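Before any comments, here is the structure.
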Amino acid sequence: MGTTGTQPRLKNLELAAVGGSDVHVKMLAAPVNPSDINMIQGNYGLLPKLPAVGGNEGVGQVVAVGSSVTRVKPGDWVIPANAGLGTWQTEAVFSEEALISVPSDIPLQSAATLGVNPCTAYRMLMDFEQLRPGDSVIQNASNSGVGQAVIQIAAALGLRTINVVRDRPDIQKLTDRLKNLGAHHVVTEEELRKHEMKNFFKDVPQPQLALNCVGGKSSTELLRHLAPGGTMVTYGGMAKQPVIASVSLLIFKDLKLRGFWLSQWKKDHSPDQFKELILTLCDLIHQGQLTAPACSEVPLQDYQRALEASMQPFVSSKQILTM
């Protein structure tokens with residue numbers, strides 16, 4: 001699906017010939033992520049030349065390969081090596097370097113949602129603080145794709161998660177769902193601001209790490225509950241408001257504010273290191289410790305419905321375009 005200006009529309013394109021280092025891929029499924037929407041709106045750190053095909057994540061099956069291709073073969077499942085590939089299409093010809101093969105014995109929805117959110121979750125848990133089993137992590141937007149991956153990966157690493165969500169009519173249902181994924185504590189934004197949270201931290205170790213993809217008041221609250229010397233990593237800004245950090249917290253608790261962008265991590269690491277990350281996550285999937293977020297599958301031709309649904313508030317389901 002192409003994007004012209006900010007108006008996505010469905011188009012038929014001629015399939016390019018398969019050159020020596022090319023791979024013909026039939027796309028199987030591709031999610032709609034907030035960063036895909038940001039890219040279409042033109043407010044993202046990496047923008048393709050227009051007209052472009054939307055979608056930065058997804059899984060496809062190799063149909064045919066050029067004569068010099070060695071890393072993939074027909075029948076293999078592949079995901080994009082980098083953002084900007086354009087996964088919202090039924091089939092395409094990509095260069096071999098643009099793809100990474102994944103095991104085809106993992107669930108389709110797991111493969112389609114593997115390359116962005118779980119990778120972001122894993123790197124943020126590993127790269128900023130030396131966390132040990134029993135330590136705790138606090139995060140907002142805990143019901144997001146990254147949030148659900150953080151809960152599961154943290155549980156596999158023996159970490160406790162304090163998961164902040166916005167209050168909503170079916171809050172108990174959401175709490176149960178996150179606890180089923182391995183969440184230790186689920187609190188609403190409102191509860192986090194209450195004085196009673198002081199008692200909460202008598203029984204739970206103060207988190208060394210906070211993960212923020214909201215900004216605004218929510219991020220200020222995360223900082224308030226961090227342990228001295230702790231780090232808050234910002235990887236998104238769903239509230240479209242700046243991070244406001246109190247001067248006294250910065251001085252007296254010596255907190256650190258950091259940012260994380262998976263595309264930058266990939267630039268700083270080799271394709272082999274990204275492949276290693278993918279395989280680590282596939283091990284967790286095989287062991288039943290990492291599942292795909294709740295998904296709603298939408299046929300590509302109904303893309304408008306998927307885009308609209310993905311922008312609704314309190315969406316508990318990831319829209320996945322199926323080809």
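If you're wondering about the labels, chains in the structure tokens are A, B, ... by order shown, residues count from 1 in each chain, ligands from 1 in order shown.
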Non-local contacts of Val164 in chain A (12 Å; only C-alpha atoms; under 4 positions in same chain excluded) as a short mmCIF file (atom, residue, chain, number, x, y, z; two decimals) with N, CA and C atoms, in the first residue's frame:
```cif
data_model
loop_
_atom_site.label_atom_id
_atom_site.label_comp_id
_atom_site.auth_asym_id
_atom_site.auth_seq_id
_atom_site.Cartn_x
_atom_site.Cartn_y
_atom_site.Cartn_z
N VAL A 137 11.28 -3.12 37.54
CA VAL A 137 11.24 -2.19 36.41
C VAL A 137 9.85 -1.57 36.40
N ILE A 138 9.75 -0.26 36.16
CA ILE A 138 8.43 0.38 36.04
C ILE A 138 8.26 0.88 34.60
N GLN A 139 7.05 0.76 34.06
CA GLN A 139 6.81 1.25 32.70
C GLN A 139 5.41 1.81 32.58
N ASN A 140 5.24 2.76 31.64
CA ASN A 140 3.89 3.24 31.31
C ASN A 140 3.46 2.63 29.97
N ALA A 141 2.21 2.90 29.58
CA ALA A 141 1.66 2.28 28.35
C ALA A 141 1.94 0.78 28.34
N SER A 142 1.72 0.15 29.48
CA SER A 142 2.12 -1.26 29.66
C SER A 142 1.32 -2.22 28.79
N ASN A 143 0.22 -1.72 28.22
CA ASN A 143 -0.62 -2.55 27.36
C ASN A 143 -0.21 -2.46 25.89
N SER A 144 0.82 -1.63 25.60
CA SER A 144 1.28 -1.48 24.21
C SER A 144 2.03 -2.74 23.78
N GLY A 147 5.12 -2.77 25.70
CA GLY A 147 4.77 -3.03 27.11
C GLY A 147 4.54 -4.50 27.38
N GLN A 148 3.77 -5.15 26.50
CA GLN A 148 3.48 -6.58 26.70
C GLN A 148 4.74 -7.42 26.55
N ILE A 151 6.85 -7.04 29.79
CA ILE A 151 6.30 -7.88 30.87
C ILE A 151 6.82 -9.31 30.75
N ILE A 171 -10.98 -2.09 33.36
CA ILE A 171 -9.63 -2.14 33.94
C ILE A 171 -9.30 -3.50 34.55
N LEU A 174 -8.24 -5.93 31.86
CA LEU A 174 -6.88 -5.62 31.39
C LEU A 174 -5.84 -6.07 32.42
N THR A 175 -6.12 -5.78 33.70
CA THR A 175 -5.20 -6.18 34.78
C THR A 175 -4.98 -7.70 34.75
N LEU A 178 -2.80 -8.72 31.72
CA LEU A 178 -1.37 -8.41 31.89
C LEU A 178 -0.74 -9.33 32.94
N ALA A 183 2.88 -10.01 34.49
CA ALA A 183 2.99 -8.73 35.21
C ALA A 183 2.85 -8.97 36.72
N HIS A 184 3.75 -8.40 37.52
CA HIS A 184 3.65 -8.55 38.98
C HIS A 184 2.63 -7.58 39.54
N HIS A 185 2.69 -6.32 39.09
CA HIS A 185 1.81 -5.27 39.61
C HIS A 185 1.26 -4.48 38.44
N VAL A 186 -0.03 -4.17 38.48
CA VAL A 186 -0.65 -3.30 37.48
C VAL A 186 -1.32 -2.16 38.25
N VAL A 187 -0.92 -0.92 37.96
CA VAL A 187 -1.51 0.25 38.63
C VAL A 187 -1.96 1.27 37.58
N THR A 188 -2.99 2.03 37.91
CA THR A 188 -3.42 3.06 36.96
C THR A 188 -2.61 4.33 37.18
N GLU A 189 -2.63 5.21 36.18
CA GLU A 189 -1.94 6.51 36.29
C GLU A 189 -2.41 7.24 37.56
N GLU A 190 -3.72 7.14 37.85
CA GLU A 190 -4.29 7.83 39.01
C GLU A 190 -3.75 7.25 40.32
N GLU A 191 -3.69 5.92 40.39
CA GLU A 191 -3.17 5.27 41.61
C GLU A 191 -1.71 5.63 41.84
N LEU A 192 -0.96 5.76 40.75
CA LEU A 192 0.47 6.07 40.86
C LEU A 192 0.70 7.42 41.52
N ARG A 193 -0.27 8.34 41.36
CA ARG A 193 -0.12 9.69 41.93
C ARG A 193 -0.53 9.76 43.40
N ALA A 210 13.10 2.79 34.45
CA ALA A 210 11.75 3.17 34.04
C ALA A 210 11.73 3.26 32.52
N LEU A 211 10.67 2.76 31.90
CA LEU A 211 10.53 2.79 30.44
C LEU A 211 9.33 3.66 30.10
N ASN A 212 9.58 4.73 29.34
CA ASN A 212 8.55 5.74 29.07
C ASN A 212 8.26 5.85 27.58
N CYS A 213 7.00 5.65 27.20
CA CYS A 213 6.65 5.95 25.81
C CYS A 213 5.44 6.88 25.77
N VAL A 214 5.22 7.61 26.87
CA VAL A 214 4.08 8.52 26.94
C VAL A 214 4.53 9.97 27.01
N SER A 218 2.74 11.55 32.94
CA SER A 218 3.01 10.13 33.19
C SER A 218 4.51 9.90 33.41
N SER A 219 5.35 10.54 32.59
CA SER A 219 6.80 10.33 32.72
C SER A 219 7.33 10.98 34.01
N GLU A 221 5.75 11.10 36.81
CA GLU A 221 5.42 10.15 37.87
C GLU A 221 6.40 8.98 37.90
N LEU A 222 6.77 8.48 36.72
CA LEU A 222 7.74 7.37 36.67
C LEU A 222 9.03 7.80 37.37
N HIS A 225 9.21 7.71 41.18
CA HIS A 225 9.28 6.40 41.85
C HIS A 225 10.57 5.64 41.57
#
```
Problem set entry | Within 9 Å of Val102 in chain A using only C-alpha atoms, minus same-chain residues under 4 positions, as a PyMOL selection string | chain A and resi 59+76-79+106+111+275+278-279+282
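Between Gln61 in chain A and the residues A:Met323, A:Ala292, A:Leu125, A:Val32, the shortest atom-to-atom distance, using only C-alpha atoms, involves A:Met323.
Neighbouring residues of Val69 in chain A at 6 Å or closer, counting only C-alpha atoms and skipping chain neighbours under 2 positions away, are Ser21, Gly66 and Ser67 of chain A.
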For this session: Find the spatial neighbours of Val72 in chain A, counting only C-alpha atoms, within a cut-off of 9 Å - ignore same-chain residues fewer than 5 positions away - and output them as a list in words.
Result: Val23, Val62, Val65, Trp77, Val78, Glu96, Leu99, Ile100 and Ser101 of chain A
Store the residues of this selection in a file with N, CA, C and O atoms, as a tab-separated table (two decimals), in the first residue's frame.
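Everything below was put into out_2.tsv:
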```
chain	number	residue	atom	x	y	z
A	23	VAL	N	15.65	-11.10	-3.83
A	23	VAL	CA	14.80	-12.13	-3.27
A	23	VAL	C	13.34	-11.74	-3.53
A	23	VAL	O	12.92	-10.64	-3.18
A	62	VAL	N	9.80	-16.53	1.21
A	62	VAL	CA	10.62	-16.43	0.00
A	62	VAL	C	10.02	-17.31	-1.10
A	62	VAL	O	9.74	-18.49	-0.88
A	65	VAL	N	14.86	-16.84	-5.46
A	65	VAL	CA	16.06	-16.06	-5.14
A	65	VAL	C	16.96	-15.92	-6.37
A	65	VAL	O	16.95	-16.79	-7.24
A	77	TRP	N	10.98	-18.10	5.84
A	77	TRP	CA	10.29	-16.90	6.33
A	77	TRP	C	11.32	-15.81	6.55
A	77	TRP	O	12.41	-16.08	7.07
A	78	VAL	N	10.97	-14.58	6.18
A	78	VAL	CA	11.90	-13.45	6.33
A	78	VAL	C	11.18	-12.24	6.92
A	78	VAL	O	9.96	-12.06	6.73
A	96	GLU	N	18.89	-9.04	-0.89
A	96	GLU	CA	19.15	-10.03	0.18
A	96	GLU	C	19.50	-9.34	1.51
A	96	GLU	O	19.07	-9.77	2.58
A	99	LEU	N	16.83	-8.29	4.21
A	99	LEU	CA	16.00	-9.30	4.87
A	99	LEU	C	16.80	-10.13	5.89
A	99	LEU	O	18.01	-10.30	5.75
A	100	ILE	N	16.08	-10.63	6.88
A	100	ILE	CA	16.67	-11.55	7.85
A	100	ILE	C	15.74	-12.75	7.95
A	100	ILE	O	14.52	-12.58	8.05
A	101	SER	N	16.30	-13.95	7.88
A	101	SER	CA	15.42	-15.13	7.95
A	101	SER	C	15.07	-15.42	9.41
A	101	SER	O	15.85	-15.16	10.31
```
Problem set entry | Using only C-alpha atoms: which of A:Ala17, A:Leu28, A:Asn56, A:Gly134 has the shortest distance to Val93 in chain A | A:Ala17
Problem set entry | Neighbour list for range 44-50 of chain A as an NGL selection string, cut-off 12 Å, only C-alpha atoms, skip fewer than 3 positions in-chain | :A and (2-8 or 34-41 or 53-56 or 82-86 or 236-237 or 261-264)
Please save N, CA and C atoms of the selected residues as a PDB file, in the first residue's frame.
```pdb
ATOM      1  N   GLY A   2       0.653   2.128  -0.981  1.00  0.00           N
ATOM      2  CA  GLY A   2       1.486   3.314  -1.118  1.00  0.00           C
ATOM      3  C   GLY A   2       0.977   4.462  -0.279  1.00  0.00           C
ATOM      4  N   THR A   3       1.889   5.374   0.082  1.00  0.00           N
ATOM      5  CA  THR A   3       1.470   6.587   0.767  1.00  0.00           C
ATOM      6  C   THR A   3       1.904   7.770  -0.092  1.00  0.00           C
ATOM      7  N   THR A   4       0.942   8.601  -0.455  1.00  0.00           N
ATOM      8  CA  THR A   4       1.245   9.787  -1.243  1.00  0.00           C
ATOM      9  C   THR A   4       0.802  10.964  -0.399  1.00  0.00           C
ATOM     10  N   GLY A   5       1.699  11.862  -0.063  1.00  0.00           N
ATOM     11  CA  GLY A   5       1.367  12.879   0.932  1.00  0.00           C
ATOM     12  C   GLY A   5       1.043  12.128   2.203  1.00  0.00           C
ATOM     13  N   THR A   6      -0.110  12.403   2.806  1.00  0.00           N
ATOM     14  CA  THR A   6      -0.444  11.632   4.015  1.00  0.00           C
ATOM     15  C   THR A   6      -1.657  10.759   3.757  1.00  0.00           C
ATOM     16  N   GLN A   7      -2.035  10.589   2.490  1.00  0.00           N
ATOM     17  CA  GLN A   7      -3.249   9.811   2.200  1.00  0.00           C
ATOM     18  C   GLN A   7      -2.876   8.430   1.664  1.00  0.00           C
ATOM     19  N   PRO A   8      -2.895   7.390   2.514  1.00  0.00           N
ATOM     20  CA  PRO A   8      -2.567   6.061   2.003  1.00  0.00           C
ATOM     21  C   PRO A   8      -3.633   5.558   1.037  1.00  0.00           C
ATOM     22  N   PRO A  34       2.373   2.300  15.884  1.00  0.00           N
ATOM     23  CA  PRO A  34       2.350   3.769  15.984  1.00  0.00           C
ATOM     24  C   PRO A  34       3.428   4.437  15.129  1.00  0.00           C
ATOM     25  N   SER A  35       4.630   3.810  15.058  1.00  0.00           N
ATOM     26  CA  SER A  35       5.706   4.426  14.264  1.00  0.00           C
ATOM     27  C   SER A  35       5.379   4.427  12.764  1.00  0.00           C
ATOM     28  N   ASP A  36       4.575   3.448  12.300  1.00  0.00           N
ATOM     29  CA  ASP A  36       4.138   3.449  10.890  1.00  0.00           C
ATOM     30  C   ASP A  36       3.263   4.665  10.622  1.00  0.00           C
ATOM     31  N   ILE A  37       2.369   4.962  11.566  1.00  0.00           N
ATOM     32  CA  ILE A  37       1.475   6.120  11.437  1.00  0.00           C
ATOM     33  C   ILE A  37       2.298   7.409  11.480  1.00  0.00           C
ATOM     34  N   ASN A  38       3.266   7.483  12.421  1.00  0.00           N
ATOM     35  CA  ASN A  38       4.144   8.661  12.502  1.00  0.00           C
ATOM     36  C   ASN A  38       4.863   8.896  11.185  1.00  0.00           C
ATOM     37  N   MET A  39       5.312   7.808  10.562  1.00  0.00           N
ATOM     38  CA  MET A  39       6.055   7.916   9.305  1.00  0.00           C
ATOM     39  C   MET A  39       5.158   8.492   8.204  1.00  0.00           C
ATOM     40  N   ILE A  40       3.914   8.007   8.150  1.00  0.00           N
ATOM     41  CA  ILE A  40       2.960   8.517   7.152  1.00  0.00           C
ATOM     42  C   ILE A  40       2.689   9.998   7.399  1.00  0.00           C
ATOM     43  N   GLN A  41       2.601  10.384   8.681  1.00  0.00           N
ATOM     44  CA  GLN A  41       2.327  11.788   9.027  1.00  0.00           C
ATOM     45  C   GLN A  41       3.557  12.667   8.826  1.00  0.00           C
ATOM     46  N   VAL A  53       5.900   2.787   0.017  1.00  0.00           N
ATOM     47  CA  VAL A  53       5.006   1.761   0.565  1.00  0.00           C
ATOM     48  C   VAL A  53       5.114   1.812   2.081  1.00  0.00           C
ATOM     49  N   GLY A  54       3.972   1.811   2.770  1.00  0.00           N
ATOM     50  CA  GLY A  54       3.962   1.872   4.225  1.00  0.00           C
ATOM     51  C   GLY A  54       4.351   0.550   4.864  1.00  0.00           C
ATOM     52  N   GLY A  55       4.547   0.584   6.178  1.00  0.00           N
ATOM     53  CA  GLY A  55       4.800  -0.641   6.940  1.00  0.00           C
ATOM     54  C   GLY A  55       6.277  -0.911   7.154  1.00  0.00           C
ATOM     55  N   ASN A  56       6.675  -1.010   8.425  1.00  0.00           N
ATOM     56  CA  ASN A  56       8.083  -1.226   8.769  1.00  0.00           C
ATOM     57  C   ASN A  56       8.352  -2.620   9.325  1.00  0.00           C
ATOM     58  N   ASN A  82      15.738  -3.668   8.354  1.00  0.00           N
ATOM     59  CA  ASN A  82      15.675  -2.276   8.807  1.00  0.00           C
ATOM     60  C   ASN A  82      14.302  -1.668   8.567  1.00  0.00           C
ATOM     61  N   ALA A  83      14.052  -0.529   9.233  1.00  0.00           N
ATOM     62  CA  ALA A  83      12.794   0.201   9.029  1.00  0.00           C
ATOM     63  C   ALA A  83      12.752   0.764   7.613  1.00  0.00           C
ATOM     64  N   GLY A  84      11.546   1.048   7.131  1.00  0.00           N
ATOM     65  CA  GLY A  84      11.387   1.693   5.822  1.00  0.00           C
ATOM     66  C   GLY A  84      11.294   0.724   4.657  1.00  0.00           C
ATOM     67  N   LEU A  85      11.188  -0.587   4.936  1.00  0.00           N
ATOM     68  CA  LEU A  85      11.161  -1.570   3.835  1.00  0.00           C
ATOM     69  C   LEU A  85       9.863  -1.479   3.039  1.00  0.00           C
ATOM     70  N   GLY A  86       8.746  -1.212   3.714  1.00  0.00           N
ATOM     71  CA  GLY A  86       7.450  -1.181   3.025  1.00  0.00           C
ATOM     72  C   GLY A  86       6.838  -2.563   3.002  1.00  0.00           C
ATOM     73  N   GLY A 236       9.178   6.664  23.184  1.00  0.00           N
ATOM     74  CA  GLY A 236       7.999   7.122  22.453  1.00  0.00           C
ATOM     75  C   GLY A 236       7.377   8.277  23.205  1.00  0.00           C
ATOM     76  N   GLY A 237       6.420   8.944  22.554  1.00  0.00           N
ATOM     77  CA  GLY A 237       5.771  10.089  23.186  1.00  0.00           C
ATOM     78  C   GLY A 237       4.305  10.161  22.843  1.00  0.00           C
ATOM     79  N   TRP A 261      16.154   4.240  20.370  1.00  0.00           N
ATOM     80  CA  TRP A 261      15.544   4.091  19.052  1.00  0.00           C
ATOM     81  C   TRP A 261      16.187   2.876  18.403  1.00  0.00           C
ATOM     82  N   LEU A 262      15.376   1.868  18.098  1.00  0.00           N
ATOM     83  CA  LEU A 262      15.913   0.606  17.569  1.00  0.00           C
ATOM     84  C   LEU A 262      16.720   0.828  16.289  1.00  0.00           C
ATOM     85  N   SER A 263      16.263   1.744  15.429  1.00  0.00           N
ATOM     86  CA  SER A 263      16.997   2.000  14.169  1.00  0.00           C
ATOM     87  C   SER A 263      18.429   2.459  14.459  1.00  0.00           C
ATOM     88  N   GLN A 264      18.604   3.259  15.514  1.00  0.00           N
ATOM     89  CA  GLN A 264      19.944   3.717  15.890  1.00  0.00           C
ATOM     90  C   GLN A 264      20.767   2.553  16.442  1.00  0.00           C
TER      91      GLN A 264
END
```
Exercise. Between A:Thr161, A:Thr87, A:Gln289, A:Thr70, which is the closest to Ile320 in chain A once you count only C-alpha atoms?
Worked result: A:Thr87
Seminar exercise, completed: Judged by only C-alpha atoms, the minimum distance to Pro207 in chain A among A:Ser248, A:Asn180, A:Ser136, A:Gln287 is found for A:Ser136
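Computed from the coordinates, the CA of Leu114 in chain A to CA of Gly158 in chain A distance equals 21.5 Å.
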For this session: Compile the contact shell of Thr322 in chain A as an NGL selection string: residues with an atom at most 9 Å away, counting only C-alpha atoms, same-chain residues fewer than 5 positions apart removed.
Result: :A and (27-31 or 88 or 90 or 297-300)
For this session: List every residue of range 85-205 of chain A that DSSP, applied to the backbone, labels as strand (DSSP E or B), and write the result as a ChimeraX atom specification.
Result: /A:91-95,99-102,136-139,160-165,185-188
File dump, residues just selected, N, CA and C atoms, as a tab-separated table (two decimals), in the first residue's frame:
```tsv
chain	number	residue	atom	x	y	z
A	91	GLU	N	3.32	-8.72	-2.43
A	91	GLU	CA	4.62	-9.33	-2.75
A	91	GLU	C	5.56	-8.25	-3.25
A	92	ALA	N	6.85	-8.56	-3.22
A	92	ALA	CA	7.84	-7.57	-3.63
A	92	ALA	C	9.18	-8.26	-3.88
A	93	VAL	N	10.06	-7.54	-4.57
A	93	VAL	CA	11.44	-8.02	-4.76
A	93	VAL	C	12.34	-7.13	-3.91
A	94	PHE	N	13.07	-7.74	-2.99
A	94	PHE	CA	13.98	-7.01	-2.09
A	94	PHE	C	15.40	-7.50	-2.30
A	95	SER	N	16.38	-6.70	-1.90
A	95	SER	CA	17.75	-7.19	-1.95
A	95	SER	C	17.97	-8.11	-0.73
A	99	LEU	N	16.83	-8.29	4.21
A	99	LEU	CA	16.00	-9.30	4.87
A	99	LEU	C	16.80	-10.13	5.89
A	100	ILE	N	16.08	-10.63	6.88
A	100	ILE	CA	16.67	-11.55	7.85
A	100	ILE	C	15.74	-12.75	7.95
A	101	SER	N	16.30	-13.95	7.88
A	101	SER	CA	15.42	-15.13	7.95
A	101	SER	C	15.07	-15.42	9.41
A	102	VAL	N	13.85	-15.94	9.60
A	102	VAL	CA	13.41	-16.33	10.95
A	102	VAL	C	12.87	-17.76	10.87
A	136	SER	N	13.30	-4.59	40.16
A	136	SER	CA	12.04	-4.22	39.51
A	136	SER	C	12.22	-3.12	38.47
A	137	VAL	N	11.28	-3.12	37.54
A	137	VAL	CA	11.24	-2.19	36.41
A	137	VAL	C	9.85	-1.57	36.40
A	138	ILE	N	9.75	-0.26	36.16
A	138	ILE	CA	8.43	0.38	36.04
A	138	ILE	C	8.26	0.88	34.60
A	139	GLN	N	7.05	0.76	34.06
A	139	GLN	CA	6.81	1.25	32.70
A	139	GLN	C	5.41	1.81	32.58
A	160	ARG	N	10.88	-8.11	38.29
A	160	ARG	CA	9.49	-7.76	38.65
A	160	ARG	C	9.10	-6.51	37.88
A	161	THR	N	7.88	-6.50	37.34
A	161	THR	CA	7.43	-5.31	36.60
A	161	THR	C	6.29	-4.61	37.34
A	162	ILE	N	6.39	-3.28	37.36
A	162	ILE	CA	5.31	-2.42	37.86
A	162	ILE	C	4.75	-1.75	36.61
A	163	ASN	N	3.53	-2.10	36.28
A	163	ASN	CA	2.97	-1.73	34.99
A	163	ASN	C	1.87	-0.69	35.13
A	164	VAL	N	2.13	0.49	34.56
A	164	VAL	CA	1.19	1.59	34.66
A	164	VAL	C	0.33	1.62	33.40
A	165	VAL	N	-0.98	1.74	33.59
A	165	VAL	CA	-1.93	1.83	32.47
A	165	VAL	C	-2.92	2.96	32.76
A	185	HIS	N	2.69	-6.32	39.09
A	185	HIS	CA	1.81	-5.27	39.61
A	185	HIS	C	1.26	-4.48	38.44
A	186	VAL	N	-0.03	-4.17	38.48
A	186	VAL	CA	-0.65	-3.30	37.48
A	186	VAL	C	-1.32	-2.16	38.25
A	187	VAL	N	-0.92	-0.92	37.96
A	187	VAL	CA	-1.51	0.25	38.63
A	187	VAL	C	-1.96	1.27	37.58
A	188	THR	N	-2.99	2.03	37.91
A	188	THR	CA	-3.42	3.06	36.96
A	188	THR	C	-2.61	4.33	37.18
```
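You will find CA of Asp135 in chain A at 9.2 Å from CA of Leu209 in chain A.
When only C-alpha atoms are used to compute distances to Lys194 in chain A, the closest of the residues A:Lys179, A:Arg9, A:Arg224, A:Asn117 turns out to be A:Arg224.
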For this session: Apply DSSP to the backbone of this structure and, from range 73-278 of chain A, keep only the residues in helix (DSSP H, G or I); write these as a ChimeraX atom specification.
Result: /A:96-98,108-112,117-127,145-156,171-181,189-192,197-203,216-224,247-253,262-268,271-278
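Closest approach to Val243 in chain A from the set A:Gly229, A:Pro107, A:Gly259, A:Pro293 is made by A:Gly259, with distances taken over only C-alpha atoms.
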Problem set entry | Contacts of Thr280 in chain A at 12 Å (only C-alpha atoms; same-chain gap of 5+ positions) as a ChimeraX atom specification | /A:102-103,114,118-119,122-123,153,156,273-275,285-287,289-290
Given the selection you just returned, output its residues as a file containing N, CA and C atoms, formatted as an mmCIF file, in the first residue's frame.
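Output file result-v1.cif follows:
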```cif
data_model
loop_
_atom_site.group_PDB
_atom_site.id
_atom_site.type_symbol
_atom_site.label_atom_id
_atom_site.label_comp_id
_atom_site.auth_asym_id
_atom_site.auth_seq_id
_atom_site.Cartn_x
_atom_site.Cartn_y
_atom_site.Cartn_z
ATOM 1 N N VAL A 102 13.853 -15.939 9.599
ATOM 2 C CA VAL A 102 13.405 -16.334 10.948
ATOM 3 C C VAL A 102 12.872 -17.756 10.871
ATOM 4 N N PRO A 103 12.896 -18.486 11.990
ATOM 5 C CA PRO A 103 12.359 -19.862 11.962
ATOM 6 C C PRO A 103 10.881 -19.836 11.560
ATOM 7 N N LEU A 114 7.691 -9.456 15.402
ATOM 8 C CA LEU A 114 8.954 -9.766 16.086
ATOM 9 C C LEU A 114 10.004 -8.666 15.961
ATOM 10 N N PRO A 118 9.360 -6.413 20.402
ATOM 11 C CA PRO A 118 10.119 -7.259 21.323
ATOM 12 C C PRO A 118 11.618 -6.917 21.332
ATOM 13 N N CYS A 119 12.155 -6.520 20.159
ATOM 14 C CA CYS A 119 13.575 -6.133 20.085
ATOM 15 C C CYS A 119 13.823 -4.899 20.941
ATOM 16 N N TYR A 122 13.613 -5.898 24.689
ATOM 17 C CA TYR A 122 14.778 -6.656 25.143
ATOM 18 C C TYR A 122 15.994 -5.756 25.329
ATOM 19 N N ARG A 123 16.254 -4.910 24.340
ATOM 20 C CA ARG A 123 17.434 -4.024 24.407
ATOM 21 C C ARG A 123 17.313 -3.049 25.575
ATOM 22 N N ILE A 153 9.373 -10.630 28.776
ATOM 23 C CA ILE A 153 10.833 -10.815 28.775
ATOM 24 C C ILE A 153 11.375 -10.606 30.188
ATOM 25 N N ALA A 156 10.775 -13.645 32.198
ATOM 26 C CA ALA A 156 11.733 -14.702 31.824
ATOM 27 C C ALA A 156 13.103 -14.447 32.449
ATOM 28 N N GLN A 273 24.581 -9.175 14.762
ATOM 29 C CA GLN A 273 24.139 -8.939 16.139
ATOM 30 C C GLN A 273 22.609 -8.798 16.201
ATOM 31 N N PHE A 274 22.022 -8.205 15.154
ATOM 32 C CA PHE A 274 20.560 -8.116 15.098
ATOM 33 C C PHE A 274 19.965 -9.512 14.947
ATOM 34 N N LYS A 275 20.593 -10.316 14.087
ATOM 35 C CA LYS A 275 20.127 -11.701 13.872
ATOM 36 C C LYS A 275 20.183 -12.481 15.195
ATOM 37 N N ILE A 285 10.148 -17.474 22.414
ATOM 38 C CA ILE A 285 8.863 -17.852 21.788
ATOM 39 C C ILE A 285 8.704 -19.379 21.831
ATOM 40 N N HIS A 286 9.773 -20.098 21.461
ATOM 41 C CA HIS A 286 9.735 -21.571 21.477
ATOM 42 C C HIS A 286 9.449 -22.104 22.882
ATOM 43 N N GLN A 287 9.996 -21.400 23.899
ATOM 44 C CA GLN A 287 9.799 -21.852 25.284
ATOM 45 C C GLN A 287 8.458 -21.407 25.860
ATOM 46 N N GLN A 289 7.594 -18.361 26.462
ATOM 47 C CA GLN A 289 7.782 -17.220 27.372
ATOM 48 C C GLN A 289 7.512 -15.875 26.703
ATOM 49 N N LEU A 290 7.286 -15.903 25.388
ATOM 50 C CA LEU A 290 6.998 -14.659 24.662
ATOM 51 C C LEU A 290 5.937 -14.934 23.601
#
```
